[in-house]
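model_19.txt, holding compact mmCIF, C-alpha atoms:
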# COMPACT_ATOMS: atom_id res chain seq x y z
CA MET A 1 22.65 28.54 -78.32
CA ALA A 2 18.87 28.79 -78.18
CA LYS A 3 17.35 29.02 -74.72
CA VAL A 4 14.96 26.40 -73.38
CA ILE A 5 12.28 28.16 -71.33
CA SER A 6 9.61 26.38 -69.29
CA THR A 7 6.43 28.35 -68.61
CA LEU A 8 3.97 27.00 -66.07
CA PHE A 9 0.91 27.98 -64.10
CA ILE A 10 1.50 26.64 -60.59
CA SER A 11 -0.16 26.69 -57.19
CA ALA A 12 1.46 27.87 -53.97
CA ASP A 13 2.02 24.24 -52.95
CA GLY A 14 3.84 23.39 -56.18
CA VAL A 15 1.06 21.76 -58.22
CA ALA A 16 1.58 22.40 -61.93
CA GLU A 17 -1.29 20.24 -63.17
CA ILE A 18 -3.88 22.91 -63.85
CA ASP A 19 -7.35 22.72 -62.40
CA PRO A 20 -9.57 25.31 -64.13
CA ASP A 21 -11.34 25.94 -60.82
CA TRP A 22 -8.20 27.46 -59.27
CA HIS A 23 -6.55 28.79 -62.43
CA PHE A 24 -9.06 30.86 -64.40
CA PRO A 25 -10.33 33.04 -61.52
CA TYR A 26 -6.81 34.52 -61.34
CA PHE A 27 -6.29 35.04 -65.08
CA ASP A 28 -6.24 38.76 -65.88
CA GLU A 29 -4.55 41.16 -68.28
CA ASN A 30 -1.30 40.95 -66.31
CA MET A 31 -1.12 37.20 -66.69
CA GLY A 32 -2.04 37.54 -70.34
CA ARG A 33 0.85 39.95 -70.83
CA ALA A 34 3.23 37.59 -69.07
CA VAL A 35 2.15 34.69 -71.29
CA THR A 36 2.60 36.88 -74.37
CA GLU A 37 6.12 37.78 -73.26
CA ASP A 38 6.97 34.11 -72.72
CA TYR A 39 5.79 33.13 -76.20
CA GLU A 40 7.75 35.98 -77.75
CA THR A 41 10.99 34.32 -76.59
CA ALA A 42 10.61 31.34 -78.92
CA ASP A 43 9.95 30.07 -82.42
CA VAL A 44 9.68 26.40 -81.38
CA LEU A 45 7.15 24.87 -79.00
CA LEU A 46 8.29 21.68 -77.29
CA ILE A 47 5.30 19.85 -75.84
CA GLY A 48 4.30 16.48 -74.49
CA ARG A 49 1.56 14.35 -75.99
CA GLU A 50 -1.12 15.38 -73.48
CA THR A 51 -0.38 19.08 -73.93
CA TYR A 52 -0.40 18.66 -77.71
CA ASP A 53 -3.78 16.91 -77.62
CA SER A 54 -5.18 19.68 -75.43
CA PHE A 55 -3.81 22.48 -77.61
CA ALA A 56 -4.71 20.81 -80.92
CA GLY A 57 -8.22 20.15 -79.65
CA ALA A 58 -8.84 23.82 -78.90
CA TRP A 59 -6.66 26.35 -80.71
CA PRO A 60 -7.33 25.49 -84.38
CA GLY A 61 -11.05 25.89 -83.74
CA ARG A 62 -10.49 29.22 -81.98
CA GLU A 63 -8.42 30.43 -84.91
CA ALA A 64 -11.17 29.43 -87.34
CA ALA A 65 -13.84 31.10 -85.20
CA GLY A 66 -12.09 34.46 -85.57
CA GLY A 67 -12.80 35.66 -82.04
CA GLU A 68 -10.71 37.81 -79.72
CA ASP A 69 -8.21 34.99 -79.20
CA ALA A 70 -7.83 34.20 -82.93
CA PRO A 71 -4.53 36.12 -83.35
CA PHE A 72 -2.90 34.13 -80.55
CA ALA A 73 -4.41 30.92 -81.96
CA LYS A 74 -2.87 31.74 -85.35
CA GLN A 75 0.49 32.43 -83.69
CA LEU A 76 0.38 28.99 -82.08
CA GLY A 77 -0.65 27.38 -85.34
CA ASP A 78 2.20 28.99 -87.24
CA MET A 79 4.87 28.07 -84.70
CA ARG A 80 6.92 24.94 -85.18
CA LYS A 81 5.62 22.37 -82.70
CA VAL A 82 7.89 19.48 -81.68
CA VAL A 83 5.90 16.81 -79.85
CA VAL A 84 7.32 14.30 -77.38
CA SER A 85 5.50 10.98 -77.63
CA ARG A 86 6.45 7.32 -77.37
CA GLN A 87 3.74 6.47 -79.91
CA PRO A 88 3.52 7.51 -83.58
CA LEU A 89 1.08 10.36 -84.16
CA GLU A 90 -1.01 11.59 -87.05
CA PHE A 91 -1.00 15.37 -86.83
CA SER A 92 -4.05 17.43 -87.69
CA TRP A 93 -2.53 20.75 -86.61
CA ARG A 94 -0.14 22.43 -89.01
CA SER A 95 3.59 22.83 -88.34
CA SER A 96 3.62 19.81 -85.98
CA GLU A 97 6.26 17.08 -85.93
CA LEU A 98 7.25 14.15 -83.74
CA ILE A 99 10.53 14.44 -81.86
CA GLN A 100 13.19 12.22 -83.37
CA GLY A 101 15.19 9.90 -81.13
CA ASP A 102 16.09 10.45 -77.50
CA LEU A 103 14.53 13.53 -75.86
CA VAL A 104 17.75 14.86 -74.31
CA ASP A 105 19.75 14.39 -77.50
CA ALA A 106 17.02 15.97 -79.63
CA VAL A 107 16.69 19.02 -77.38
CA ALA A 108 20.47 19.47 -77.26
CA ALA A 109 20.43 19.46 -81.06
CA LEU A 110 17.59 22.02 -81.15
CA LYS A 111 19.53 24.30 -78.78
CA ALA A 112 22.55 24.10 -81.06
CA ASP A 113 20.57 24.72 -84.27
CA ALA A 114 21.48 28.14 -85.60
CA ASP A 115 18.03 28.45 -87.18
CA VAL A 116 16.26 28.09 -83.82
CA ARG A 117 15.79 31.32 -81.87
CA GLY A 118 14.24 29.88 -78.73
CA ILE A 119 12.40 26.83 -77.41
CA LEU A 120 9.35 27.21 -75.16
CA ILE A 121 7.80 24.40 -73.12
CA PRO A 122 4.26 25.29 -72.03
CA GLY A 123 3.02 22.86 -69.38
CA SER A 124 4.29 19.35 -70.23
CA ILE A 125 5.45 18.53 -66.71
CA SER A 126 7.19 15.24 -67.51
CA VAL A 127 9.17 16.86 -70.35
CA VAL A 128 10.30 19.66 -68.03
CA GLN A 129 11.29 17.19 -65.32
CA GLN A 130 13.45 15.18 -67.73
CA LEU A 131 15.16 18.27 -69.11
CA LEU A 132 15.74 19.73 -65.64
CA ALA A 133 17.49 16.50 -64.68
CA ALA A 134 19.61 16.74 -67.83
CA GLY A 135 20.54 20.38 -67.15
CA LEU A 136 18.92 21.65 -70.36
CA VAL A 137 16.35 24.11 -68.95
CA ASP A 138 17.66 27.68 -69.06
CA GLU A 139 14.71 29.40 -67.38
CA LEU A 140 11.68 28.43 -65.31
CA ARG A 141 8.94 31.03 -65.68
CA LEU A 142 6.34 30.38 -63.01
CA LEU A 143 3.00 32.11 -62.46
CA VAL A 144 2.38 31.21 -58.83
CA HIS A 145 -1.31 31.34 -57.88
CA PRO A 146 -2.28 32.26 -54.30
CA VAL A 147 -3.95 28.91 -53.69
CA ALA A 148 -2.88 25.57 -52.23
CA ALA A 149 -4.27 23.09 -54.74
CA ARG A 150 -3.71 20.10 -52.40
CA LYS A 151 -3.96 17.63 -55.28
CA GLY A 152 -2.43 17.20 -58.71
CA ARG A 153 0.99 16.61 -60.16
CA LYS A 154 3.80 18.76 -58.83
CA LEU A 155 6.59 20.33 -60.87
CA PHE A 156 9.50 18.98 -58.88
CA ASP A 157 9.73 15.23 -58.54
CA GLU A 158 11.60 13.16 -55.97
CA GLY A 159 15.37 13.02 -56.49
CA ASP A 160 18.71 12.53 -54.83
CA SER A 161 19.95 16.11 -55.16
CA ALA A 162 18.47 19.58 -54.92
CA TYR A 163 17.94 21.96 -57.82
CA HIS A 164 19.48 25.31 -56.93
CA LEU A 165 17.98 28.35 -58.62
CA ARG A 166 18.62 32.07 -58.87
CA VAL A 167 15.90 34.66 -59.31
CA LEU A 168 16.08 36.65 -62.55
CA ALA A 169 12.88 38.64 -62.07
CA THR A 170 9.77 38.86 -59.91
CA GLU A 171 6.44 40.62 -60.31
CA SER A 172 3.33 40.77 -58.16
CA PHE A 173 -0.11 41.06 -59.76
CA PRO A 174 -3.19 42.62 -58.09
CA THR A 175 -4.83 39.16 -58.07
CA GLY A 176 -2.10 37.89 -55.75
CA VAL A 177 -0.38 35.91 -58.51
CA LEU A 178 3.41 36.09 -58.36
CA ARG A 179 5.47 35.89 -61.53
CA VAL A 180 8.89 34.44 -60.76
CA ILE A 181 11.57 33.77 -63.36
CA TYR A 182 14.33 31.41 -62.24
CA ALA A 183 17.54 30.19 -63.84
CA PRO A 184 19.64 27.23 -62.70
CA ALA A 185 22.42 28.14 -60.29
CA ALA A 186 25.42 26.52 -58.67
CA ALA A 187 24.94 25.19 -55.17
CA PRO A 188 25.81 27.70 -52.43
CA THR A 189 28.83 27.21 -50.20
CA PRO A 190 28.06 24.41 -47.71
CA ALA A 191 27.01 25.70 -44.31
CA GLY A 192 25.67 24.43 -41.01
CA TYR A 193 24.17 25.97 -37.91
CA ASP A 194 27.57 26.93 -36.50
CA ASP A 195 28.23 28.98 -39.66
CA VAL A 196 25.06 31.04 -39.32
CA LYS A 197 24.38 31.20 -35.57
CA ASP A 198 25.63 34.79 -35.38
CA GLN A 199 22.69 35.70 -37.66
CA VAL A 200 20.13 34.16 -35.32
CA PRO A 201 18.00 36.80 -33.54
CA GLY A 202 19.81 37.77 -30.37
CA GLY A 203 23.09 36.32 -31.64
CA ASN A 204 26.38 38.23 -31.52
With the file now loaded, output its structure as structure tokens.
Amino acid sequence: MAKVISTLFISADGVAEIDPDWHFPYFDENMGRAVTEDYETADVLLIGRETYDSFAGAWPGREAAGGEDAPFAKQLGDMRKVVVSRQPLEFSWRSSELIQGDLVDAVAALKADADVRGILIPGSISVVQQLLAAGLVDELRLLVHPVAARKGRKLFDEGDSAYHLRVLATESFPTGVLRVIYAPAAAPTPAGYDDVKDQVPGGN
């Protein structure tokens, strides 16, 4: 089964809707390496309409310009891009297609496709939220910026039950950015204060 990996830039207070004012000052070679590693996990990009419009409005031009970021722009252009949208789209960026049918069913089919190595979701908060709720996200790769954004859309929405996670890897960058890779986990054994009071400072 192909893995579904979500990669997000996020603030310390959980905002995943990027504001360039708090994001770009922290972008360095370490973050660039982390992004490269995330993209190397996949041969399919799964993105929402807004993310597609943002990417398609920037990366083809950067590829054509032939600058320092042209190789990454070409990599993005060559990747298969599956776009989640309720409206029909006319694609101007190569290797792009509209998701067919229900999102959860389509992603389950992509995961089961023997020709798919991995599925990466950059940004696309609403897509990630739906797939988290459906249990289809295998990893959350978060680059946590040392800033409280105080406004913007958060990764985790309101719900009736908690998402339990286990840490697969962590890394601290000189900028203060923390890279944390999570995977879904089973809920821990239920416990209350009486179960842990012997761990309280001064307890026996």
* **Separation of CA of Arg141 (chain A) from CA of Glu63 (chain A), in Å and rounded to one decimal** =>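 Here the two named atoms are 25.9 Å from each other.
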* Local residues around (-9.3, 24.7, -82.9), at most 12 Å away, using all atoms listed in the file, as a list in words ->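 The requested residues, written out, are Tyr52, Asp53, Ser54, Phe55, Ala56, Gly57, Ala58, Trp59, Pro60, Gly61, Arg62, Glu63, Ala64, Ala65, Gly66, Gly67, Asp69, Ala70, Phe72, Ala73, Lys74, Leu76, Gly77, Ser92, Trp93 and Arg94 of chain A.
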Box centre and edge lengths (Å, one decimal), axis-aligned, region 62-65 of chain A plus 4 Å each side, as JSON:
{"center_x": -11.1, "center_y": 30.2, "center_z": -84.7, "size_x": 13.4, "size_y": 9.9, "size_z": 13.4}
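Comparing the minimum interatomic distances between Val167 (chain A) and each of A:Pro146, A:Gly192, A:Pro25, A:Pro184, counting all atoms listed in the file, we find that A:Pro184 sits nearest.
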Residue neighbourhood region 5-17 of chain A, 8 Å, all atoms listed in the file, exclusion window fewer than 2 positions, as a CSV table (one decimal) with C-alpha atoms, in the coordinates of the input:
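File around_35.csv, as written:
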chain,number,residue,atom,x,y,z
A,3,LYS,CA,17.4,29.0,-74.7
A,19,ASP,CA,-7.4,22.7,-62.4
A,23,HIS,CA,-6.6,28.8,-62.4
A,38,ASP,CA,7.0,34.1,-72.7
A,118,GLY,CA,14.2,29.9,-78.7
A,119,ILE,CA,12.4,26.8,-77.4
A,120,LEU,CA,9.4,27.2,-75.2
A,121,ILE,CA,7.8,24.4,-73.1
A,122,PRO,CA,4.3,25.3,-72.0
A,123,GLY,CA,3.0,22.9,-69.4
A,125,ILE,CA,5.4,18.5,-66.7
A,128,VAL,CA,10.3,19.7,-68.0
A,137,VAL,CA,16.4,24.1,-69.0
A,138,ASP,CA,17.7,27.7,-69.1
A,139,GLU,CA,14.7,29.4,-67.4
A,140,LEU,CA,11.7,28.4,-65.3
A,141,ARG,CA,8.9,31.0,-65.7
A,142,LEU,CA,6.3,30.4,-63.0
A,143,LEU,CA,3.0,32.1,-62.5
A,144,VAL,CA,2.4,31.2,-58.8
A,145,HIS,CA,-1.3,31.3,-57.9
A,146,PRO,CA,-2.3,32.3,-54.3
A,147,VAL,CA,-4.0,28.9,-53.7
A,148,ALA,CA,-2.9,25.6,-52.2
A,149,ALA,CA,-4.3,23.1,-54.7
A,150,ARG,CA,-3.7,20.1,-52.4
A,151,LYS,CA,-4.0,17.6,-55.3
A,152,GLY,CA,-2.4,17.2,-58.7
A,153,ARG,CA,1.0,16.6,-60.2
A,154,LYS,CA,3.8,18.8,-58.8
A,155,LEU,CA,6.6,20.3,-60.9
A,156,PHE,CA,9.5,19.0,-58.9
Quick one: contact table of region 26-134 of chain A to region 169-180 of chain A, 12 Å max, nearest atom pair and distance in Å to one decimal per residue, counting all atoms listed in the file, chain and number order, as CSV?
residue,atom,partner,partner_atom,distance
A:Tyr26,CA,A:Thr175,CA,6.0
A:Phe27,CA,A:Thr175,CA,8.3
A:Asp28,CA,A:Thr175,CA,7.9
A:Glu29,CA,A:Phe173,CA,9.6
A:Asn30,CA,A:Phe173,CA,6.7
A:Met31,CA,A:Phe173,CA,8.0
A:Gly32,CA,A:Phe173,CA,11.3
A:Arg33,CA,A:Arg179,CA,11.1
A:Ala34,CA,A:Arg179,CA,8.0
A:Val35,CA,A:Arg179,CA,10.4
A:Glu37,CA,A:Arg179,CA,11.9
A:Asp38,CA,A:Arg179,CA,11.4
* Atomic distance CA of Pro71 (chain A) - CA of Ser96 (chain A), expressed in Å with one decimal -> 18.4 Å
* To do: Can you work out the spacing between CA of Ala106 (chain A) and CA of Leu168 (chain A) in Å, to one decimal?
  =>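 Going from CA of Ala106 (chain A) over to CA of Leu168 (chain A) covers 26.8 Å.
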* To do: Can you work out which one of A:Glu90, A:Asp102, A:Glu97, A:Asp157 has the shortest atom-to-atom distance to Leu46 (chain A), counting all atoms listed in the file?
  =>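 Closest to Leu46 (chain A), using all atoms listed in the file: A:Glu97.
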* Shortest interatomic distance to Gly159 (chain A) - which of A:Ala133, A:Thr189, A:Leu103, A:Asp113, counting all atoms listed in the file ->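 Of the candidates, the smallest distance to Gly159 (chain A) is held by A:Ala133.
Restricting the calculation to all atoms listed in the file, the smallest distance between Met1 (chain A) and any of A:Ile181, A:Val104, A:Leu136, A:Val127 is found for A:Leu136.
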* Near-Ser85 (chain A) list (9 Å; only C-alpha atoms; drop same-chain fewer than 2 positions) as a PyMOL selection string -> chain A and resi 48-50+83+87-89+98-99
